[in-house]
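Okay, start08.txt now, which holds compact mmCIF, C-alpha atoms and all ligand atoms:
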# COMPACT_ATOMS: atom_id res chain seq x y z
CA MET R 1 3.47 -81.42 80.65
CA GLY R 2 0.58 -79.19 81.75
CA ASN R 3 2.63 -78.07 84.75
CA ASP R 4 5.47 -77.02 82.47
CA LEU R 5 3.11 -74.62 80.76
CA HIS R 6 1.98 -73.21 84.08
CA GLU R 7 5.56 -72.78 85.22
CA LEU R 8 6.43 -71.05 81.99
CA LEU R 9 3.41 -68.78 82.31
CA ARG R 10 4.38 -67.84 85.85
CA SER R 11 7.92 -67.02 84.72
CA LEU R 12 6.74 -64.50 82.11
CA ARG R 13 6.13 -60.80 82.65
CA VAL R 14 4.46 -58.12 80.58
CA TRP R 15 6.19 -54.81 80.02
CA ASP R 16 9.63 -56.02 80.99
CA PRO R 17 11.66 -52.79 81.30
CA ALA R 18 14.28 -54.39 79.05
CA VAL R 19 11.73 -54.32 76.23
CA THR R 20 9.05 -51.81 77.16
CA ALA R 21 9.16 -48.09 77.88
CA LEU R 22 5.70 -46.87 78.91
CA PRO R 23 5.13 -43.34 77.59
CA ASP R 24 2.98 -40.80 79.39
CA PHE R 25 -0.34 -40.28 77.67
CA ASP R 26 -2.41 -37.22 78.52
CA PRO R 27 -5.94 -37.81 77.22
CA ALA R 28 -6.76 -34.12 77.76
CA SER R 29 -4.46 -33.26 74.87
CA ALA R 30 -5.77 -35.99 72.56
CA PRO R 31 -7.08 -34.85 69.16
CA ALA R 32 -10.81 -34.66 68.47
CA ASP R 33 -10.62 -37.39 65.81
CA PRO R 34 -9.39 -40.90 66.65
CA LEU R 35 -7.83 -41.29 63.21
CA ALA R 36 -5.35 -38.52 64.08
CA LEU R 37 -4.42 -40.25 67.34
CA PHE R 38 -4.12 -43.64 65.65
CA THR R 39 -1.84 -42.16 63.00
CA THR R 40 0.37 -40.63 65.70
CA TRP R 41 0.48 -43.78 67.82
CA PHE R 42 1.23 -45.90 64.75
CA ALA R 43 4.20 -43.71 63.80
CA GLN R 44 5.39 -43.80 67.42
CA ALA R 45 5.14 -47.60 67.48
CA VAL R 46 7.32 -47.79 64.37
CA ALA R 47 9.80 -45.25 65.82
CA ALA R 48 9.97 -47.21 69.10
CA GLY R 49 10.99 -50.33 67.19
CA GLN R 50 7.74 -52.22 67.55
CA THR R 51 7.92 -55.24 65.24
CA GLU R 52 5.02 -55.71 62.82
CA PRO R 53 2.80 -52.94 64.19
CA HIS R 54 0.67 -53.33 61.05
CA THR R 55 -0.55 -56.79 62.02
CA MET R 56 -3.89 -56.84 63.81
CA SER R 57 -6.53 -59.21 65.10
CA LEU R 58 -9.70 -59.12 63.03
CA ALA R 59 -12.78 -60.35 64.88
CA THR R 60 -15.96 -61.24 63.04
CA ALA R 61 -19.14 -63.14 63.90
CA ASP R 62 -20.53 -66.04 61.93
CA GLU R 63 -24.07 -66.59 60.73
CA GLU R 64 -25.09 -67.79 64.21
CA GLY R 65 -23.47 -64.80 65.90
CA LEU R 66 -20.56 -66.82 67.23
CA PRO R 67 -17.21 -65.01 67.33
CA ASP R 68 -14.13 -65.76 65.24
CA VAL R 69 -10.72 -64.08 65.11
CA ARG R 70 -7.51 -64.18 63.10
CA THR R 71 -4.52 -61.97 62.22
CA VAL R 72 -4.52 -59.81 59.09
CA MET R 73 -2.46 -56.92 57.75
CA LEU R 74 -3.58 -53.30 58.01
CA HIS R 75 -3.66 -51.82 54.50
CA GLY R 76 -4.55 -48.25 55.47
CA ALA R 77 -6.43 -45.98 57.83
CA ASP R 78 -7.97 -42.83 56.41
CA ALA R 79 -11.33 -41.18 55.77
CA SER R 80 -12.59 -44.47 54.24
CA GLY R 81 -11.86 -46.29 57.48
CA TRP R 82 -9.40 -48.98 58.57
CA SER R 83 -8.66 -51.26 55.60
CA PHE R 84 -7.71 -54.89 55.18
CA ALA R 85 -7.96 -57.40 52.37
CA THR R 86 -8.92 -61.03 52.01
CA HIS R 87 -10.91 -63.46 49.88
CA VAL R 88 -14.66 -62.85 49.85
CA ASP R 89 -15.18 -66.63 49.88
CA SER R 90 -12.90 -67.31 52.88
CA ALA R 91 -14.48 -68.04 56.26
CA LYS R 92 -14.08 -64.42 57.33
CA GLY R 93 -15.28 -63.15 53.95
CA ARG R 94 -18.47 -65.18 54.25
CA GLN R 95 -18.93 -64.02 57.83
CA LEU R 96 -18.55 -60.40 56.74
CA THR R 97 -21.10 -60.90 53.96
CA ALA R 98 -23.58 -62.33 56.47
CA ARG R 99 -22.76 -59.80 59.23
CA PRO R 100 -20.91 -56.77 57.90
CA TYR R 101 -19.50 -55.71 61.25
CA ALA R 102 -16.07 -56.33 62.76
CA ALA R 103 -13.59 -55.40 65.45
CA LEU R 104 -9.83 -54.88 65.16
CA GLY R 105 -7.23 -55.24 67.89
CA PHE R 106 -3.70 -53.85 67.83
CA TYR R 107 -1.16 -54.60 70.56
CA TRP R 108 2.14 -52.73 70.66
CA PRO R 109 4.02 -54.12 73.69
CA VAL R 110 7.11 -51.95 73.22
CA GLN R 111 4.98 -49.06 74.55
CA GLY R 112 2.31 -51.02 76.43
CA ARG R 113 -0.33 -49.78 74.02
CA GLN R 114 -3.50 -51.34 72.69
CA VAL R 115 -5.99 -49.95 70.18
CA ARG R 116 -9.46 -51.41 69.60
CA VAL R 117 -11.61 -50.45 66.64
CA ARG R 118 -15.24 -51.52 66.05
CA GLY R 119 -17.73 -50.75 63.37
CA PRO R 120 -19.55 -51.66 60.18
CA VAL R 121 -17.56 -53.06 57.26
CA THR R 122 -18.05 -52.44 53.56
CA ALA R 123 -16.33 -54.03 50.55
CA ALA R 124 -14.50 -51.54 48.33
CA PRO R 125 -15.29 -51.55 44.59
CA ALA R 126 -13.56 -54.46 42.82
CA HIS R 127 -11.08 -52.25 40.92
CA GLU R 128 -9.82 -50.78 44.22
CA GLY R 129 -9.22 -54.23 45.67
CA GLN R 130 -7.33 -55.33 42.55
CA ALA R 131 -5.25 -52.13 42.50
CA ASP R 132 -4.39 -52.60 46.19
CA LEU R 133 -3.31 -56.20 45.49
CA HIS R 134 -1.24 -55.31 42.42
CA ALA R 135 0.64 -52.64 44.36
CA ARG R 136 1.84 -55.33 46.81
CA SER R 137 4.56 -57.96 46.53
CA THR R 138 4.79 -60.84 44.06
CA GLY R 139 4.37 -63.15 47.05
CA ALA R 140 1.14 -61.41 48.06
CA LEU R 141 -0.21 -61.85 44.53
CA ALA R 142 0.92 -65.49 44.41
CA ALA R 143 -0.77 -66.17 47.75
CA ALA R 144 -3.98 -64.53 46.55
CA LEU R 145 -3.84 -66.44 43.24
CA THR R 146 -3.47 -69.72 45.13
CA GLY R 147 -6.98 -69.09 46.45
CA ARG R 148 -9.39 -71.59 48.07
CA GLN R 149 -8.64 -69.96 51.45
CA SER R 150 -10.21 -71.79 54.42
CA GLN R 151 -11.27 -74.80 52.30
CA VAL R 152 -10.10 -78.24 53.42
CA LEU R 153 -6.70 -79.09 51.88
CA ASP R 154 -6.06 -82.72 50.96
CA SER R 155 -2.27 -82.61 51.22
CA LEU R 156 0.71 -80.26 51.38
CA GLU R 157 1.76 -81.63 47.98
CA GLU R 158 -1.46 -80.28 46.49
CA LEU R 159 -0.73 -76.87 48.05
CA ALA R 160 2.85 -76.94 46.72
CA ARG R 161 1.62 -77.61 43.17
CA ALA R 162 -1.04 -74.86 43.30
CA SER R 163 1.36 -72.38 44.91
CA GLU R 164 4.12 -73.08 42.40
CA SER R 165 1.87 -72.32 39.45
CA ALA R 166 0.48 -69.25 41.28
CA TRP R 167 4.04 -67.93 41.81
CA GLU R 168 4.85 -68.60 38.16
CA ARG R 169 1.75 -66.68 37.03
CA ALA R 170 2.34 -63.83 39.51
CA ARG R 171 5.86 -63.32 38.08
CA ARG R 172 4.67 -63.52 34.47
CA GLU R 173 1.48 -61.48 34.94
CA PRO R 174 1.88 -58.92 37.75
CA ASP R 175 -1.61 -57.58 37.04
CA ALA R 176 -3.30 -61.00 37.12
CA PRO R 177 -6.84 -60.53 38.44
CA VAL R 178 -7.96 -62.38 41.55
CA PRO R 179 -11.75 -61.98 41.47
CA THR R 180 -12.31 -63.16 45.04
CA TRP R 181 -9.68 -60.81 46.54
CA THR R 182 -11.52 -57.96 48.26
CA LEU R 183 -10.50 -54.80 50.04
CA TYR R 184 -12.67 -54.03 53.05
CA HIS R 185 -13.10 -50.77 54.95
CA LEU R 186 -14.13 -50.75 58.59
CA ARG R 187 -15.74 -47.39 59.43
CA PRO R 188 -15.43 -47.20 63.19
CA ASP R 189 -18.12 -46.15 65.58
CA ARG R 190 -15.81 -46.88 68.54
CA VAL R 191 -12.04 -46.52 68.86
CA GLU R 192 -10.38 -47.15 72.20
CA PHE R 193 -6.78 -46.25 73.06
CA PHE R 194 -5.17 -48.00 76.02
CA GLN R 195 -1.90 -46.77 77.51
CA GLY R 196 -0.39 -49.13 80.03
CA ASP R 197 0.90 -47.70 83.32
CA ALA R 198 3.46 -49.30 85.65
CA ALA R 199 1.21 -48.75 88.70
CA ARG R 200 -1.68 -50.34 86.76
CA ARG R 201 -3.43 -46.98 86.43
CA HIS R 202 -3.82 -47.65 82.74
CA VAL R 203 -5.32 -44.81 80.72
CA ARG R 204 -8.23 -45.79 78.49
CA LEU R 205 -9.64 -43.22 76.11
CA ASN R 206 -12.76 -44.32 74.25
CA TYR R 207 -14.01 -42.40 71.20
CA ARG R 208 -17.69 -42.86 70.25
CA ARG R 209 -18.97 -41.51 66.97
CA THR R 210 -21.79 -38.98 67.26
CA GLY R 211 -23.75 -37.51 64.34
CA ASP R 212 -20.90 -35.49 62.90
CA GLY R 213 -18.03 -35.88 65.36
CA TRP R 214 -16.73 -37.90 68.28
CA ASN R 215 -17.41 -38.14 72.01
CA GLN R 216 -14.50 -39.00 74.27
CA ASP R 217 -14.81 -40.93 77.55
CA LEU R 218 -12.23 -42.17 79.98
CA LEU R 219 -12.82 -45.77 81.06
CA TRP R 220 -11.85 -47.52 84.29
CA PRO R 221 -9.00 -49.88 83.57
C1 LIG R 301 1.06 -62.04 60.28
C2 LIG R 301 -0.12 -62.55 59.51
C3 LIG R 301 -0.72 -61.74 58.57
C4 LIG R 301 -1.81 -62.19 57.82
N1 LIG R 301 -2.41 -61.34 56.94
C5 LIG R 301 -3.50 -61.77 56.26
C6 LIG R 301 -4.20 -60.87 55.39
O1 LIG R 301 -3.88 -59.67 55.26
N2 LIG R 301 -5.27 -61.35 54.71
C7 LIG R 301 -5.70 -62.66 54.85
O2 LIG R 301 -6.67 -63.03 54.19
N3 LIG R 301 -5.08 -63.51 55.69
C8 LIG R 301 -4.00 -63.10 56.40
N4 LIG R 301 -3.37 -63.96 57.28
C9 LIG R 301 -3.94 -65.32 57.45
C10 LIG R 301 -5.13 -65.26 58.42
O3 LIG R 301 -4.68 -65.12 59.75
C11 LIG R 301 -6.02 -66.52 58.32
O4 LIG R 301 -5.24 -67.69 58.56
C12 LIG R 301 -6.67 -66.67 56.94
O5 LIG R 301 -7.02 -65.40 56.40
C13 LIG R 301 -7.91 -67.53 57.02
O6 LIG R 301 -8.84 -66.96 57.92
P1 LIG R 301 -10.40 -67.37 57.89
O7 LIG R 301 -10.44 -68.88 57.81
O8 LIG R 301 -10.97 -66.85 59.17
O9 LIG R 301 -11.01 -66.71 56.70
C14 LIG R 301 -2.30 -63.51 58.03
C15 LIG R 301 -1.70 -64.32 59.01
C16 LIG R 301 -0.63 -63.85 59.74
C17 LIG R 301 -0.03 -64.74 60.79

Rewrite the coordinates I just gave you, this time as structure tokens.
Amino acid sequence: MGNDLHELLRSLRVWDPAVTALPDFDPASAPADPLALFTTWFAQAVAAGQTEPHTMSLATADEEGLPDVRTVMLHGADASGWSFATHVDSAKGRQLTARPYAALGFYWPVQGRQVRVRGPVTAAPAHEGQADLHARSTGALAAALTGRQSQVLDSLEELARASESAWERARREPDAPVPTWTLYHLRPDRVEFFQGDAARRHVRLNYRRTGDGWNQDLLWP
């Protein structure tokens, strides 16, 4: 069985020309602020047909400093930072309370692009988190209402019962509060843009926050 996995791995390629078109990226013409470049790259990922470009890896560290990672949705990127939402009492929520610092990873294979974002994280005021939730789908509200995220679940039947009543409430009460649901803002002090290159001369542009602006460095790939 193990050999099957190795064979499969050997048969796979990244940036198959049938899927990927690697754009040229000239770091000399990059904007001074990484938010502007992220906004451009995000729109280009959507235009290039990248599926789910708004999903990202969110890395946190636990109380002991050990890393953890999972996928979450990007809710926004603006002057407040890069935003995502989750339960404050989930594993990641507790990790963020103990160590309010995180990293985000985006991978957009259709263009061979990666973006990494690191920095301190703050919880938005409760009313902003609730407004963000209530602007989303009924399913998002039902999922949030189901709650108990990352706790041990006794059975799928128990989940089905809790989810059914959460869906029923979400339909009946579209503004139902979910006190644990929290919007977080990551204010980056590093943002790195990676543009893949067919000859492996990948371009890496790393922004580092200074007092009132940003430094830019190229990095060896
Ligand atoms: C595509 C995708 C999007 C997700 N988006 C979110 C999200 O926005 N917020 C969230 O709390 N969990 C989201 N999840 C679930 C998380 O990956 C994770 O399973 C859950 O939040 C529990 O993580 P934790 O135990 O580290 O707290 C998403 C999962 C997938 C696969």

Within 9 Å of ligand LIG 301 (chain R), counting all atoms listed in the file, residues as a compact mmCIF listing (two decimals) with C-alpha atoms, keeping the file's coordinate frame:
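Writing the result to out_26.txt gives the following:
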# COMPACT_ATOMS: atom_id res chain seq x y z
CA GLU R 52 5.02 -55.71 62.82
CA HIS R 54 0.67 -53.33 61.05
CA THR R 55 -0.55 -56.79 62.02
CA MET R 56 -3.89 -56.84 63.81
CA SER R 57 -6.53 -59.21 65.10
CA LEU R 58 -9.70 -59.12 63.03
CA ALA R 59 -12.78 -60.35 64.88
CA THR R 60 -15.96 -61.24 63.04
CA ASP R 68 -14.13 -65.76 65.24
CA VAL R 69 -10.72 -64.08 65.11
CA ARG R 70 -7.51 -64.18 63.10
CA THR R 71 -4.52 -61.97 62.22
CA VAL R 72 -4.52 -59.81 59.09
CA MET R 73 -2.46 -56.92 57.75
CA LEU R 74 -3.58 -53.30 58.01
CA HIS R 75 -3.66 -51.82 54.50
CA PHE R 84 -7.71 -54.89 55.18
CA ALA R 85 -7.96 -57.40 52.37
CA THR R 86 -8.92 -61.03 52.01
CA HIS R 87 -10.91 -63.46 49.88
CA VAL R 88 -14.66 -62.85 49.85
CA ASP R 89 -15.18 -66.63 49.88
CA SER R 90 -12.90 -67.31 52.88
CA ALA R 91 -14.48 -68.04 56.26
CA LYS R 92 -14.08 -64.42 57.33
CA GLY R 93 -15.28 -63.15 53.95
CA ARG R 94 -18.47 -65.18 54.25
CA GLN R 95 -18.93 -64.02 57.83
CA ALA R 140 1.14 -61.41 48.06
CA ALA R 144 -3.98 -64.53 46.55
CA GLN R 149 -8.64 -69.96 51.45
CA SER R 150 -10.21 -71.79 54.42
CA GLN R 151 -11.27 -74.80 52.30
CA TRP R 181 -9.68 -60.81 46.54

Quiz item: Got a sec to check which residues sit within 6 Å of (-12.4, -44.3, 77.6), counting all atoms listed in the file, and write them as a list in words?
Solution: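 Residues found, by chain and rising number: Arg204, Leu205, Asn206, Asp217, Leu218 and Leu219 of chain R.
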
Quiz prompt | Near-Ala198 (chain R) list (10 Å; only C-alpha atoms; drop same-chain fewer than 5 positions) as a PyMOL selection string | solution = chain R and resi 15+17+21-22+112

Quiz item: So how far away is CA of Phe194 (chain R) from CA of Gln114 (chain R), in Å?
Solution: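 Interatomic distance, CA of Gln114 (chain R) to CA of Phe194 (chain R): 5.0 Å.
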
Self-check item: Length of the CA of Ala170 (chain R) to CA of Leu145 (chain R) vector [Å]
Solution: 7.7 Å

Could you add the missing atoms to region 75-86 of chain R, up to all heavy atoms, and return them as a short mmCIF file (atom, residue, chain, number, x, y, z; two decimals), in the frame of the given file?
data_model
loop_
_atom_site.label_atom_id
_atom_site.label_comp_id
_atom_site.auth_asym_id
_atom_site.auth_seq_id
_atom_site.Cartn_x
_atom_site.Cartn_y
_atom_site.Cartn_z
N HIS R 75 -4.04 -52.39 55.81
CA HIS R 75 -3.66 -51.82 54.50
C HIS R 75 -3.76 -50.31 54.47
O HIS R 75 -3.28 -49.67 53.53
CB HIS R 75 -4.53 -52.41 53.39
CG HIS R 75 -4.15 -53.81 53.03
ND1 HIS R 75 -4.13 -54.27 51.74
CD2 HIS R 75 -3.76 -54.85 53.80
CE1 HIS R 75 -3.75 -55.54 51.73
NE2 HIS R 75 -3.53 -55.91 52.97
N GLY R 76 -4.43 -49.71 55.45
CA GLY R 76 -4.55 -48.25 55.47
C GLY R 76 -5.53 -47.83 56.54
O GLY R 76 -6.32 -48.64 57.02
N ALA R 77 -5.44 -46.58 56.93
CA ALA R 77 -6.43 -45.98 57.83
C ALA R 77 -6.57 -44.53 57.39
O ALA R 77 -5.60 -43.77 57.45
CB ALA R 77 -6.00 -46.09 59.29
N ASP R 78 -7.74 -44.18 56.91
CA ASP R 78 -7.97 -42.83 56.41
C ASP R 78 -9.47 -42.55 56.47
O ASP R 78 -10.20 -43.25 57.17
CB ASP R 78 -7.40 -42.67 54.98
CG ASP R 78 -7.93 -43.75 54.03
OD1 ASP R 78 -9.08 -44.20 54.23
OD2 ASP R 78 -7.20 -44.15 53.11
N ALA R 79 -9.91 -41.57 55.70
CA ALA R 79 -11.33 -41.18 55.77
C ALA R 79 -12.26 -42.34 55.38
O ALA R 79 -13.42 -42.36 55.80
CB ALA R 79 -11.57 -39.98 54.85
N SER R 80 -11.75 -43.31 54.61
CA SER R 80 -12.59 -44.47 54.24
C SER R 80 -12.72 -45.46 55.38
O SER R 80 -13.53 -46.39 55.31
CB SER R 80 -12.01 -45.22 53.04
OG SER R 80 -11.62 -44.37 52.04
N GLY R 81 -11.84 -45.36 56.36
CA GLY R 81 -11.86 -46.29 57.48
C GLY R 81 -10.55 -47.05 57.58
O GLY R 81 -9.55 -46.69 56.94
N TRP R 82 -10.56 -48.10 58.40
CA TRP R 82 -9.40 -48.98 58.57
C TRP R 82 -9.55 -50.09 57.54
O TRP R 82 -10.62 -50.75 57.47
CB TRP R 82 -9.38 -49.55 59.98
CG TRP R 82 -8.69 -48.73 61.02
CD1 TRP R 82 -7.54 -49.09 61.67
CD2 TRP R 82 -9.06 -47.46 61.58
NE1 TRP R 82 -7.19 -48.11 62.59
CE2 TRP R 82 -8.10 -47.11 62.55
CE3 TRP R 82 -10.11 -46.57 61.34
CZ2 TRP R 82 -8.16 -45.92 63.28
CZ3 TRP R 82 -10.18 -45.38 62.07
CH2 TRP R 82 -9.21 -45.07 63.02
N SER R 83 -8.51 -50.36 56.74
CA SER R 83 -8.66 -51.26 55.60
C SER R 83 -7.84 -52.53 55.76
O SER R 83 -6.72 -52.50 56.30
CB SER R 83 -8.22 -50.55 54.32
OG SER R 83 -8.93 -49.34 54.19
N PHE R 84 -8.40 -53.62 55.25
CA PHE R 84 -7.71 -54.89 55.18
C PHE R 84 -8.23 -55.61 53.95
O PHE R 84 -9.23 -55.20 53.35
CB PHE R 84 -7.95 -55.72 56.46
CG PHE R 84 -9.39 -55.97 56.76
CD1 PHE R 84 -10.05 -57.09 56.26
CD2 PHE R 84 -10.13 -55.06 57.52
CE1 PHE R 84 -11.40 -57.32 56.52
CE2 PHE R 84 -11.48 -55.28 57.78
CZ PHE R 84 -12.11 -56.40 57.28
N ALA R 85 -7.56 -56.70 53.58
CA ALA R 85 -7.96 -57.40 52.37
C ALA R 85 -7.92 -58.90 52.60
O ALA R 85 -7.08 -59.41 53.34
CB ALA R 85 -7.05 -57.02 51.20
N THR R 86 -8.86 -59.57 51.92
CA THR R 86 -8.92 -61.03 52.01
C THR R 86 -9.82 -61.54 50.89
O THR R 86 -10.31 -60.77 50.07
CB THR R 86 -9.42 -61.49 53.40
OG1 THR R 86 -9.20 -62.90 53.52
CG2 THR R 86 -10.90 -61.18 53.60
#
